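Asks: One file: protein-v3.txt (compact mmCIF, C-alpha atoms and all ligand atoms).
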# COMPACT_ATOMS: atom_id res chain seq x y z
CA MET A 1 0.24 -15.66 117.68
CA ARG A 2 -0.74 -19.34 118.10
CA GLU A 3 2.14 -20.70 120.19
CA LEU A 4 3.81 -24.10 119.76
CA ASP A 5 2.19 -25.53 122.90
CA GLU A 6 -1.21 -24.64 121.39
CA VAL A 7 -0.48 -26.52 118.15
CA GLU A 8 -2.46 -29.76 117.91
CA ARG A 9 -3.60 -29.82 114.30
CA VAL A 10 -1.19 -29.24 111.44
CA GLY A 11 -2.20 -28.53 107.85
CA VAL A 12 0.05 -29.64 105.01
CA VAL A 13 -0.51 -28.26 101.51
CA GLY A 14 0.79 -30.71 98.90
CA ALA A 15 0.87 -34.53 99.11
CA GLY A 16 3.96 -35.02 96.93
CA THR A 17 7.34 -36.25 98.12
CA MET A 18 7.94 -33.37 100.52
CA GLY A 19 4.31 -32.85 101.60
CA ASN A 20 3.68 -36.50 102.42
CA GLY A 21 7.03 -36.70 104.23
CA ILE A 22 6.14 -33.67 106.38
CA ALA A 23 2.64 -35.06 107.07
CA GLN A 24 4.21 -38.37 108.09
CA VAL A 25 6.74 -36.96 110.56
CA ALA A 26 4.12 -34.63 112.07
CA ALA A 27 1.65 -37.51 112.55
CA ALA A 28 4.38 -39.79 113.92
CA ALA A 29 5.20 -37.04 116.46
CA GLY A 30 1.56 -37.05 117.65
CA TYR A 31 0.02 -34.15 115.72
CA ASP A 32 -3.31 -34.43 113.93
CA VAL A 33 -2.63 -33.70 110.27
CA VAL A 34 -4.78 -32.55 107.36
CA MET A 35 -2.95 -33.14 104.07
CA ARG A 36 -4.38 -31.40 101.03
CA ASP A 37 -3.66 -31.75 97.32
CA ILE A 38 -5.62 -30.66 94.27
CA GLU A 39 -6.64 -34.17 93.09
CA THR A 40 -7.87 -37.16 95.11
CA GLU A 41 -5.40 -39.32 93.19
CA PHE A 42 -2.44 -37.22 94.48
CA VAL A 43 -3.75 -37.41 98.05
CA GLU A 44 -4.08 -41.20 97.79
CA LYS A 45 -0.58 -41.57 96.34
CA GLY A 46 0.73 -39.46 99.24
CA LEU A 47 -1.05 -41.66 101.79
CA ASP A 48 0.36 -44.80 100.12
CA ALA A 49 3.88 -43.34 100.28
CA ILE A 50 3.41 -42.64 104.00
CA ASP A 51 2.20 -46.20 104.56
CA ASP A 52 5.30 -47.58 102.74
CA SER A 53 7.69 -45.33 104.62
CA LEU A 54 6.17 -46.14 108.05
CA SER A 55 6.40 -49.85 107.16
CA ARG A 56 10.17 -49.48 106.77
CA PHE A 57 10.38 -48.22 110.37
CA VAL A 58 8.21 -51.15 111.52
CA ARG A 59 10.45 -53.63 109.65
CA LYS A 60 13.48 -52.16 111.43
CA GLU A 61 11.59 -52.38 114.76
CA GLU A 62 11.87 -48.63 115.26
CA MET A 63 8.07 -48.44 115.38
CA THR A 64 5.32 -50.94 116.24
CA GLU A 65 2.40 -51.85 113.97
CA ALA A 66 0.10 -50.10 116.47
CA GLU A 67 2.17 -46.89 116.35
CA LYS A 68 2.09 -47.02 112.56
CA ALA A 69 -1.71 -47.45 112.58
CA ASP A 70 -2.07 -44.55 115.06
CA ALA A 71 0.07 -42.28 112.89
CA LEU A 72 -1.98 -43.16 109.78
CA ASP A 73 -5.22 -42.56 111.71
CA ARG A 74 -4.04 -39.07 112.60
CA ILE A 75 -3.76 -38.07 108.91
CA ALA A 76 -6.85 -36.90 107.03
CA GLY A 77 -6.58 -36.34 103.28
CA THR A 78 -8.55 -33.67 101.46
CA THR A 79 -8.75 -31.72 98.20
CA ASP A 80 -10.46 -28.76 99.88
CA LEU A 81 -8.17 -26.06 101.26
CA ALA A 82 -11.02 -24.90 103.54
CA ASP A 83 -10.50 -28.14 105.52
CA LEU A 84 -7.31 -26.53 106.86
CA GLY A 85 -9.50 -23.87 108.50
CA ASP A 86 -9.14 -25.27 112.02
CA CYS A 87 -5.38 -25.97 111.83
CA ASP A 88 -3.03 -24.36 114.37
CA LEU A 89 -0.09 -24.33 111.97
CA VAL A 90 0.18 -24.84 108.21
CA VAL A 91 3.17 -26.03 106.19
CA GLU A 92 2.94 -25.48 102.45
CA ALA A 93 4.84 -27.90 100.19
CA ALA A 94 3.28 -27.34 96.76
CA VAL A 95 5.15 -26.88 93.47
CA GLU A 96 8.05 -24.44 93.31
CA LYS A 97 6.24 -21.76 91.31
CA MET A 98 5.93 -18.31 92.87
CA ASP A 99 2.49 -17.52 91.40
CA ILE A 100 1.03 -20.77 92.70
CA LYS A 101 2.56 -20.32 96.16
CA ARG A 102 1.29 -16.73 96.40
CA ASP A 103 -2.22 -17.86 95.44
CA ILE A 104 -2.10 -20.62 98.07
CA PHE A 105 -0.90 -18.19 100.75
CA ALA A 106 -3.61 -15.66 99.86
CA ASP A 107 -6.19 -18.47 100.24
CA LEU A 108 -4.63 -19.75 103.49
CA ASP A 109 -4.79 -16.20 104.82
CA GLU A 110 -8.56 -16.31 104.24
CA VAL A 111 -9.34 -19.78 105.57
CA THR A 112 -7.13 -19.99 108.70
CA ASP A 113 -7.39 -18.01 111.95
CA GLU A 114 -5.37 -14.80 111.75
CA ASP A 115 -2.96 -15.79 114.56
CA VAL A 116 -1.85 -19.04 112.85
CA VAL A 117 1.73 -19.31 111.53
CA LEU A 118 1.94 -20.18 107.82
CA ALA A 119 5.20 -21.91 106.88
CA THR A 120 6.53 -22.68 103.41
CA ASN A 121 8.81 -25.54 102.46
CA THR A 122 10.15 -23.59 99.48
CA SER A 123 13.73 -24.53 98.62
CA THR A 124 14.76 -21.32 96.83
CA LEU A 125 11.87 -18.87 96.43
CA SER A 126 11.68 -15.67 98.47
CA ILE A 127 9.82 -16.00 101.79
CA THR A 128 9.26 -12.24 101.72
CA THR A 129 7.52 -12.34 98.32
CA ILE A 130 5.33 -15.28 99.39
CA ALA A 131 4.50 -13.53 102.71
CA ALA A 132 3.45 -10.37 100.86
CA ALA A 133 0.45 -12.29 99.47
CA THR A 134 -0.97 -12.36 103.03
CA GLU A 135 -2.11 -9.83 105.63
CA ARG A 136 0.24 -11.50 108.17
CA PRO A 137 3.79 -11.37 106.77
CA ASP A 138 5.10 -11.45 110.36
CA LEU A 139 3.66 -14.96 110.73
CA VAL A 140 5.11 -16.37 107.49
CA VAL A 141 8.36 -18.34 107.81
CA GLY A 142 10.44 -20.78 105.76
CA LEU A 143 10.51 -24.38 107.01
CA HIS A 144 12.69 -26.19 104.51
CA PHE A 145 12.74 -29.95 105.02
CA MET A 146 15.24 -32.24 103.30
CA ASN A 147 14.39 -35.25 101.12
CA PRO A 148 13.68 -37.98 102.28
CA VAL A 149 11.94 -36.14 105.12
CA PRO A 150 11.46 -39.18 107.41
CA VAL A 151 15.20 -39.91 107.32
CA MET A 152 16.98 -36.57 107.03
CA LYS A 153 17.69 -34.95 110.38
CA GLY A 154 17.98 -31.33 109.28
CA VAL A 155 15.48 -28.53 108.70
CA GLU A 156 16.40 -25.07 107.44
CA VAL A 157 14.45 -22.23 109.07
CA VAL A 158 14.27 -19.16 106.83
CA THR A 159 13.34 -15.67 108.00
CA GLY A 160 11.72 -13.21 105.61
CA GLU A 161 11.90 -9.43 105.82
CA HIS A 162 8.93 -9.25 108.22
CA THR A 163 9.09 -12.67 109.91
CA SER A 164 8.66 -12.16 113.66
CA ASP A 165 10.96 -13.65 116.28
CA GLY A 166 7.94 -15.58 117.60
CA ALA A 167 7.26 -17.27 114.23
CA THR A 168 10.97 -18.07 113.84
CA GLU A 169 11.08 -19.63 117.32
CA LEU A 170 7.96 -21.64 116.56
CA ALA A 171 9.58 -22.97 113.37
CA HIS A 172 12.64 -24.14 115.32
CA GLY A 173 10.51 -25.59 118.14
CA PHE A 174 8.13 -27.43 115.80
CA SER A 175 11.06 -28.98 113.88
CA GLU A 176 12.58 -30.13 117.16
CA ALA A 177 9.23 -31.60 118.22
CA LEU A 178 9.46 -33.70 115.03
CA GLY A 179 12.89 -34.96 116.10
CA LYS A 180 14.82 -32.70 113.70
CA GLU A 181 17.73 -30.31 114.18
CA THR A 182 17.66 -26.85 112.65
CA TRP A 183 19.81 -24.06 111.29
CA GLU A 184 18.69 -20.60 110.30
CA SER A 185 19.11 -18.67 107.08
CA ASP A 186 18.23 -15.19 105.99
CA ASP A 187 15.86 -14.90 103.01
CA LYS A 188 18.55 -14.88 100.30
CA PRO A 189 18.31 -16.99 97.10
CA GLY A 190 18.82 -20.70 97.78
CA PHE A 191 19.27 -20.00 101.51
CA VAL A 192 22.27 -21.97 102.86
CA THR A 193 21.72 -25.43 101.40
CA ASN A 194 20.65 -24.93 97.80
CA ARG A 195 22.90 -21.93 97.26
CA ILE A 196 25.83 -24.27 97.82
CA LEU A 197 24.33 -27.60 96.70
CA MET A 198 22.99 -26.56 93.26
CA PRO A 199 26.33 -25.29 91.87
CA TRP A 200 27.86 -28.58 93.06
CA ILE A 201 25.17 -30.60 91.24
CA ASN A 202 25.44 -28.45 88.10
CA GLU A 203 29.21 -28.83 88.03
CA GLY A 204 28.73 -32.61 88.26
CA VAL A 205 26.31 -32.48 85.30
CA ARG A 206 28.74 -30.33 83.28
CA ALA A 207 31.65 -32.63 84.11
CA PHE A 208 29.59 -35.54 82.76
CA ASP A 209 28.39 -33.61 79.68
CA GLU A 210 31.91 -32.41 78.89
CA GLY A 211 33.34 -35.94 79.13
CA VAL A 212 35.51 -35.47 82.21
CA ALA A 213 34.53 -38.96 83.40
CA ALA A 214 31.79 -41.58 83.22
CA LYS A 215 28.79 -40.71 85.40
CA GLU A 216 29.58 -43.58 87.75
CA ASP A 217 33.13 -42.28 88.16
CA ILE A 218 31.95 -38.75 88.88
CA ASP A 219 29.68 -40.10 91.63
CA ARG A 220 32.32 -42.53 92.93
CA GLY A 221 34.88 -39.73 92.94
CA MET A 222 32.70 -37.54 95.09
CA THR A 223 31.34 -40.24 97.43
CA LEU A 224 34.69 -41.97 97.99
CA GLY A 225 36.70 -38.78 97.73
CA THR A 226 34.67 -36.53 99.99
CA ASN A 227 32.58 -38.93 102.10
CA VAL A 228 29.14 -37.69 101.03
CA PRO A 229 26.35 -40.32 100.80
CA MET A 230 25.55 -39.63 97.13
CA GLY A 231 27.50 -38.08 94.25
CA PRO A 232 26.04 -35.12 92.30
CA LEU A 233 24.31 -37.13 89.55
CA GLU A 234 22.73 -39.69 91.84
CA LEU A 235 21.66 -36.92 94.23
CA ALA A 236 20.14 -34.95 91.32
CA ASP A 237 18.11 -38.03 90.33
CA HIS A 238 17.06 -38.43 93.99
CA ILE A 239 15.94 -34.78 94.35
CA GLY A 240 14.32 -34.72 90.88
CA LEU A 241 15.93 -33.04 87.86
CA ASP A 242 12.93 -30.69 87.47
CA ILE A 243 13.39 -29.49 91.07
CA CYS A 244 17.13 -29.00 90.47
CA LEU A 245 16.40 -27.04 87.28
CA ASP A 246 13.79 -24.81 88.99
CA ALA A 247 16.14 -24.11 91.89
CA SER A 248 19.07 -23.43 89.53
CA GLU A 249 16.96 -21.05 87.42
CA THR A 250 16.00 -19.02 90.51
CA LEU A 251 19.65 -18.86 91.60
CA HIS A 252 20.76 -17.91 88.08
CA GLU A 253 18.13 -15.18 87.84
CA GLU A 254 19.08 -13.70 91.19
CA LEU A 255 22.81 -14.33 91.43
CA GLY A 256 24.11 -14.46 87.87
CA ASP A 257 26.03 -16.67 85.50
CA ARG A 258 27.95 -18.80 87.95
CA TYR A 259 24.57 -20.37 88.82
CA LYS A 260 23.46 -21.00 85.21
CA PRO A 261 21.78 -24.44 84.97
CA ALA A 262 23.87 -26.99 83.08
CA TYR A 263 22.76 -27.58 79.47
CA LEU A 264 22.30 -31.33 80.00
CA LEU A 265 20.14 -30.75 83.10
CA ARG A 266 17.66 -28.75 81.00
CA ARG A 267 17.78 -31.31 78.14
CA LYS A 268 16.96 -34.18 80.51
CA VAL A 269 14.02 -32.24 81.99
CA ASP A 270 12.75 -31.35 78.48
CA ALA A 271 12.91 -35.08 77.63
CA GLY A 272 10.82 -35.94 80.73
CA ASP A 273 13.70 -37.82 82.40
CA LEU A 274 13.28 -36.33 85.88
CA GLY A 275 15.28 -38.87 87.90
CA LYS A 276 14.12 -41.62 90.23
CA LYS A 277 10.49 -40.53 90.15
CA THR A 278 10.11 -41.13 86.38
CA GLY A 279 12.36 -44.20 86.32
CA ARG A 280 15.12 -42.47 84.38
CA GLY A 281 17.45 -39.54 84.97
CA PHE A 282 21.21 -39.91 84.79
CA TYR A 283 20.65 -43.55 85.83
CA GLU A 284 17.83 -46.01 85.16
CA TYR A 285 15.56 -47.19 88.01
CA GLU A 286 13.15 -50.16 88.21
N1 LIG B 301 11.19 -43.58 104.63
C1 LIG B 301 11.71 -44.33 105.62
N2 LIG B 301 12.97 -44.79 105.63
C2 LIG B 301 13.73 -44.53 104.55
C3 LIG B 301 13.26 -43.78 103.45
C4 LIG B 301 11.92 -43.30 103.52
N3 LIG B 301 11.38 -42.55 102.55
N4 LIG B 301 14.26 -43.65 102.54
C5 LIG B 301 15.32 -44.31 103.05
N5 LIG B 301 15.00 -44.84 104.26
C6 LIG B 301 15.87 -45.57 105.18
C7 LIG B 301 16.12 -46.99 104.74
O1 LIG B 301 15.13 -47.86 105.23
C8 LIG B 301 17.48 -47.26 105.37
O2 LIG B 301 17.36 -47.57 106.73
P1 LIG B 301 18.52 -48.43 107.50
O3 LIG B 301 19.83 -47.87 107.11
O4 LIG B 301 18.20 -48.24 108.94
O5 LIG B 301 18.31 -49.82 107.00
C9 LIG B 301 18.17 -45.90 105.31
O6 LIG B 301 17.13 -44.92 105.17
C10 LIG B 301 19.10 -45.85 104.16
O7 LIG B 301 18.39 -46.16 102.97
P2 LIG B 301 18.94 -47.14 101.86
O8 LIG B 301 19.75 -48.25 102.48
O9 LIG B 301 17.80 -47.51 100.99
O10 LIG B 301 19.85 -46.24 100.96
P3 LIG B 301 21.07 -45.34 101.35
O11 LIG B 301 21.91 -45.96 102.42
O12 LIG B 301 21.66 -44.97 100.05
O13 LIG B 301 20.40 -44.06 101.99
C11 LIG B 301 19.64 -41.88 101.73
C12 LIG B 301 19.47 -43.31 101.31
C13 LIG B 301 19.18 -41.70 103.18
C14 LIG B 301 18.70 -41.09 100.82
C15 LIG B 301 21.14 -41.46 101.62
O14 LIG B 301 21.65 -41.87 100.38
C16 LIG B 301 21.34 -39.99 101.73
O15 LIG B 301 21.38 -39.44 102.82
N6 LIG B 301 21.49 -39.31 100.57
C17 LIG B 301 21.62 -37.86 100.52
C18 LIG B 301 20.26 -37.26 100.66
C19 LIG B 301 20.31 -35.77 100.66
O16 LIG B 301 21.34 -35.13 100.53
N7 LIG B 301 19.12 -35.18 100.78
C20 LIG B 301 18.98 -33.75 100.74
C21 LIG B 301 18.78 -33.35 99.35
S1 LIG B 301 18.63 -31.60 99.23
C22 LIG B 301 17.04 -31.30 99.64
O17 LIG B 301 16.24 -32.17 99.90
C23 LIG B 301 16.66 -29.89 99.66
C24 LIG B 301 16.25 -29.31 98.39
O18 LIG B 301 15.64 -28.27 98.46
C25 LIG B 301 16.57 -29.85 97.07
How would this structure read if it were set down as structure tokens?
Replies:
Amino acid sequence: MRELDEVERVGVVGAGTMGNGIAQVAAAAGYDVVMRDIETEFVEKGLDAIDDSLSRFVRKEEMTEAEKADALDRIAGTTDLADLGDCDLVVEAAVEKMDIKRDIFADLDEVTDEDVVLATNTSTLSITTIAAATERPDLVVGLHFMNPVPVMKGVEVVTGEHTSDGATELAHGFSEALGKETWESDDKPGFVTNRILMPWINEGVRAFDEGVAAKEDIDRGMTLGTNVPMGPLELADHIGLDICLDASETLHEELGDRYKPAYLLRRKVDAGDLGKKTGRGFYEYE
């Protein structure tokens, strides 16, 4: 297995919110990064988001302009998965669809060296099922970052049925090298975080839909009442209502009715109101 001290070049599949965040923190920690998405436009949007996020650290004097420029220089964008062929570690952060992830992992298995660990940022899908698309299920591990990646300190390491101790240790060590702290979960639906977070969000959506309180009061009740940074509706908008619905559907399928997605969550997604990223979710954004 390619050990952590041999990792110099990191591949990231997906240049969306999570992918560009992972690419950013890896580059800021000194790794060379290849970030791949299916369209040039998505890669460019990802690079712009990284530029904006690094600028925030510069404005707060937590990073110099030169460090920002170095981090950006370390990131190469591509639309060709074969460009990840010389990476020492790959983190996949594509859409939360099992078929797509399995196809990506089958392709990564072909293009990367056979001793390279392949990690997935999936938030609820089975690591074991993703790993089964490869010839190296022992080297497939969950590396679940939190949004926004550059700010959130935690990473969830998830072990599949065949994940080796070595790959698990590498996942912890790599996260720590990025300045993060980790916890470990077995490969059970939603792992630790989303298993507990999604019912909380759905109950917030139901409380709003059933007229328990105004949306602002639901969020104020939970932020002021339980000292969390965001209430369930604001957090759902922040994560993306489509992501919340996908995660809730997986939990519902696997764990039953107590995880059923709230009616209003599905209606908002059907209407294209996905939260902050589309300018409208439970709240409106500029
Ligand atoms: N890049 C760089 N810096 C950023 C940033 C980004 N993308 N986003 C926010 N920041 C910085 C801001 O510059 C600011 O810095 P200072 O405090 O030093 O000035 C700080 O983060 C706080 O930002 P804001 O003042 O704009 O807003 P805020 O105080 O409301 O904080 C927040 C924003 C950090 C997102 C905070 O509200 C929060 O922690 N919310 C909860 C987020 C959360 O729970 N995330 C996990 C979701 S679950 C998940 O991701 C897993 C899943 O599978 C669904």
Asks: Rank A:Ala49, A:Val25, A:Met146, A:Ala236 by their smallest atom-to-atom distance to Trp200 (chain A), using only C-alpha atoms, and report the top residue only.
Replies: A:Ala236
Asks: Rank nothing, just name the residue among A:Asp217, A:Asp52, A:Asp80, A:Asp37 nearest to ligand LIG 301 (chain B), using only C-alpha atoms and all ligand atoms.
Replies: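 Looking at the shortest contact to ligand LIG 301 (chain B), the residue is A:Asp52.
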Asks: Within 12 Å of region 104-122 of chain A, which residues of region 233-274 of chain A come that close, and what is the closest atom pair and distance in Å for each? Count only C-alpha atoms and give it as a Markdown table.
Replies:
| residue | atom | partner | partner_atom | distance |
| --- | --- | --- | --- | --- |
| A:Ile243 | CA | A:Thr122 | CA | 10.8 |
| A:Asp246 | CA | A:Thr122 | CA | 11.2 |
| A:Ala247 | CA | A:Thr122 | CA | 9.7 |
| A:Thr250 | CA | A:Thr122 | CA | 11.6 |
Asks: What is the distance between CA of Leu84 (chain A) and CA of Gly11 (chain A), in Å to one decimal?
Replies: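 Going from CA of Leu84 (chain A) over to CA of Gly11 (chain A) covers 5.6 Å.
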Asks: What's the 12 Å shell around Ile127 (chain A), counting only C-alpha atoms, without same-chain residues fewer than 5 positions away, as a PyMOL selection string?
Replies: chain A and resi 92+98+101-102+105+118-122+132-134+137-144+157-163+185-191
Asks: Work out how far CA of Glu254 (chain A) is from CA of Glu234 (chain A), in Å to one decimal.
Replies: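 It comes out at 26.3 Å.
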Asks: Which residues are near Glu176 (chain A)? Cut-off 10 Å, all atoms listed in the file, ignore same chain within fewer than 4 positions. Put them as a JSON list (two decimals) with C-alpha atoms, in the coordinates of the input.
Replies:
[["chain", "number", "residue", "atom", "x", "y", "z"],
["A", 153, "LYS", "CA", 17.69, -34.95, 110.38],
["A", 154, "GLY", "CA", 17.98, -31.33, 109.28],
["A", 155, "VAL", "CA", 15.48, -28.53, 108.70],
["A", 170, "LEU", "CA", 7.96, -21.64, 116.56],
["A", 171, "ALA", "CA", 9.58, -22.97, 113.37],
["A", 172, "HIS", "CA", 12.64, -24.14, 115.32],
["A", 180, "LYS", "CA", 14.82, -32.70, 113.70],
["A", 181, "GLU", "CA", 17.73, -30.31, 114.18],
["A", 182, "THR", "CA", 17.66, -26.85, 112.65]]
Asks: Name the residues, by chain letter and number, that sit within 9 Å of ligand LIG 301 (chain B) using all atoms listed in the file, and give them as JSON, numbers by chain.
Replies: {"A": [17, 18, 21, 49, 50, 52, 53, 54, 55, 56, 57, 59, 60, 62, 121, 122, 123, 124, 144, 145, 146, 147, 148, 149, 150, 151, 152, 154, 190, 193, 194, 197, 198, 228, 229, 230, 231, 234, 235, 236, 238, 239, 240, 243, 244, 247]}
Asks: Any idea what's packed within 8 Å of Val269 (chain A), counting only C-alpha atoms, ignoring anything in its chain fewer than 6 positions away? Could you give it as a ChimeraX atom specification?
Replies: /A:241-242,245
Asks: What is the CA of Glu41 (chain A)-CA of Gly19 (chain A) distance in Å, reported with one decimal?
Replies: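 Distance between the two atoms: 14.4 Å.
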Asks: With distances taken over only C-alpha atoms, which residue among A:Glu169, A:Val43, A:Asp83, A:Ala131 lies nearest Arg2 (chain A)?
Replies: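 Smallest separation from Arg2 (chain A) among the options: A:Glu169.
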Asks: Using all atoms listed in the file and a cutoff of 9 Å, can you tell me which residues are near (-0.5, -27.6, 108.7) in the file's coordinates, and write them out as a compact mmCIF listing (two decimals) with C-alpha atoms, in the frame of the given file?
Replies:
# COMPACT_ATOMS: atom_id res chain seq x y z
CA ARG A 9 -3.60 -29.82 114.30
CA VAL A 10 -1.19 -29.24 111.44
CA GLY A 11 -2.20 -28.53 107.85
CA VAL A 12 0.05 -29.64 105.01
CA VAL A 13 -0.51 -28.26 101.51
CA ALA A 23 2.64 -35.06 107.07
CA VAL A 33 -2.63 -33.70 110.27
CA VAL A 34 -4.78 -32.55 107.36
CA MET A 35 -2.95 -33.14 104.07
CA LEU A 84 -7.31 -26.53 106.86
CA CYS A 87 -5.38 -25.97 111.83
CA ASP A 88 -3.03 -24.36 114.37
CA LEU A 89 -0.09 -24.33 111.97
CA VAL A 90 0.18 -24.84 108.21
CA VAL A 91 3.17 -26.03 106.19
CA GLU A 92 2.94 -25.48 102.45
CA LEU A 118 1.94 -20.18 107.82
CA ALA A 119 5.20 -21.91 106.88
Asks: When distances are computed from all atoms listed in the file, which of A:Leu274, A:Val58, A:Ile201, A:Ala27 shows the smallest separation from Ser248 (chain A)?
Replies: A:Ile201
Asks: Which is closer to Ala66 (chain A) than all the others in A:Ala15, A:Ile38, A:Ala93, A:Ala28, using only C-alpha atoms?
Replies: A:Ala28
Asks: Using all atoms listed in the file, which of the listed residues (A:Thr40, A:Gly30, A:Arg280, A:Asp86) sits closest to Asp70 (chain A)?
Replies: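 Looking at the shortest contact to Asp70 (chain A), the residue is A:Gly30.
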Asks: For region 80-87 of chain A, which lacks atoms in the input, supply all heavy atoms and format the output as a PDB file, keeping the file's coordinate frame.
Replies:
ATOM      1  N   ASP A  80      -9.847 -30.065  99.607  1.00  0.00           N
ATOM      2  CA  ASP A  80     -10.460 -28.760  99.880  1.00  0.00           C
ATOM      3  C   ASP A  80      -9.588 -27.960 100.859  1.00  0.00           C
ATOM      4  O   ASP A  80      -9.434 -28.354 102.019  1.00  0.00           O
ATOM      5  CB  ASP A  80     -11.863 -29.011 100.481  1.00  0.00           C
ATOM      6  CG  ASP A  80     -12.647 -27.723 100.616  1.00  0.00           C
ATOM      7  OD1 ASP A  80     -12.077 -26.640 100.355  1.00  0.00           O
ATOM      8  OD2 ASP A  80     -13.826 -27.808 100.994  1.00  0.00           O
ATOM      9  N   LEU A  81      -9.052 -26.860 100.398  1.00  0.00           N
ATOM     10  CA  LEU A  81      -8.170 -26.060 101.260  1.00  0.00           C
ATOM     11  C   LEU A  81      -8.909 -25.555 102.512  1.00  0.00           C
ATOM     12  O   LEU A  81      -8.292 -25.366 103.566  1.00  0.00           O
ATOM     13  CB  LEU A  81      -7.607 -24.868 100.467  1.00  0.00           C
ATOM     14  CG  LEU A  81      -6.339 -24.235 101.048  1.00  0.00           C
ATOM     15  CD1 LEU A  81      -5.127 -25.140 100.873  1.00  0.00           C
ATOM     16  CD2 LEU A  81      -6.064 -22.874 100.419  1.00  0.00           C
ATOM     17  N   ALA A  82     -10.233 -25.377 102.389  1.00  0.00           N
ATOM     18  CA  ALA A  82     -11.020 -24.900 103.540  1.00  0.00           C
ATOM     19  C   ALA A  82     -10.950 -25.871 104.714  1.00  0.00           C
ATOM     20  O   ALA A  82     -11.142 -25.467 105.868  1.00  0.00           O
ATOM     21  CB  ALA A  82     -12.467 -24.672 103.116  1.00  0.00           C
ATOM     22  N   ASP A  83     -10.624 -27.158 104.435  1.00  0.00           N
ATOM     23  CA  ASP A  83     -10.500 -28.140 105.520  1.00  0.00           C
ATOM     24  C   ASP A  83      -9.291 -27.855 106.423  1.00  0.00           C
ATOM     25  O   ASP A  83      -9.131 -28.483 107.463  1.00  0.00           O
ATOM     26  CB  ASP A  83     -10.409 -29.565 104.957  1.00  0.00           C
ATOM     27  CG  ASP A  83     -11.741 -30.029 104.392  1.00  0.00           C
ATOM     28  OD1 ASP A  83     -12.775 -29.421 104.746  1.00  0.00           O
ATOM     29  OD2 ASP A  83     -11.756 -30.978 103.590  1.00  0.00           O
ATOM     30  N   LEU A  84      -8.439 -26.910 106.002  1.00  0.00           N
ATOM     31  CA  LEU A  84      -7.310 -26.530 106.860  1.00  0.00           C
ATOM     32  C   LEU A  84      -7.701 -25.381 107.794  1.00  0.00           C
ATOM     33  O   LEU A  84      -6.872 -24.849 108.534  1.00  0.00           O
ATOM     34  CB  LEU A  84      -6.096 -26.115 106.006  1.00  0.00           C
ATOM     35  CG  LEU A  84      -5.164 -27.261 105.569  1.00  0.00           C
ATOM     36  CD1 LEU A  84      -5.893 -28.279 104.726  1.00  0.00           C
ATOM     37  CD2 LEU A  84      -3.963 -26.720 104.809  1.00  0.00           C
ATOM     38  N   GLY A  85      -9.006 -25.031 107.756  1.00  0.00           N
ATOM     39  CA  GLY A  85      -9.500 -23.870 108.500  1.00  0.00           C
ATOM     40  C   GLY A  85      -9.301 -23.949 109.997  1.00  0.00           C
ATOM     41  O   GLY A  85      -9.139 -22.925 110.656  1.00  0.00           O
ATOM     42  N   ASP A  86      -9.308 -25.173 110.562  1.00  0.00           N
ATOM     43  CA  ASP A  86      -9.140 -25.270 112.020  1.00  0.00           C
ATOM     44  C   ASP A  86      -7.739 -25.741 112.404  1.00  0.00           C
ATOM     45  O   ASP A  86      -7.522 -26.231 113.511  1.00  0.00           O
ATOM     46  CB  ASP A  86     -10.219 -26.178 112.623  1.00  0.00           C
ATOM     47  CG  ASP A  86     -10.201 -27.564 111.994  1.00  0.00           C
ATOM     48  OD1 ASP A  86      -9.445 -27.769 111.019  1.00  0.00           O
ATOM     49  OD2 ASP A  86     -10.938 -28.445 112.483  1.00  0.00           O
ATOM     50  N   CYS A  87      -6.772 -25.564 111.511  1.00  0.00           N
ATOM     51  CA  CYS A  87      -5.380 -25.970 111.830  1.00  0.00           C
ATOM     52  C   CYS A  87      -4.698 -24.870 112.651  1.00  0.00           C
ATOM     53  O   CYS A  87      -4.995 -23.684 112.507  1.00  0.00           O
ATOM     54  CB  CYS A  87      -4.599 -26.231 110.551  1.00  0.00           C
ATOM     55  SG  CYS A  87      -5.117 -27.769 109.768  1.00  0.00           S
TER      56      CYS A  87
END
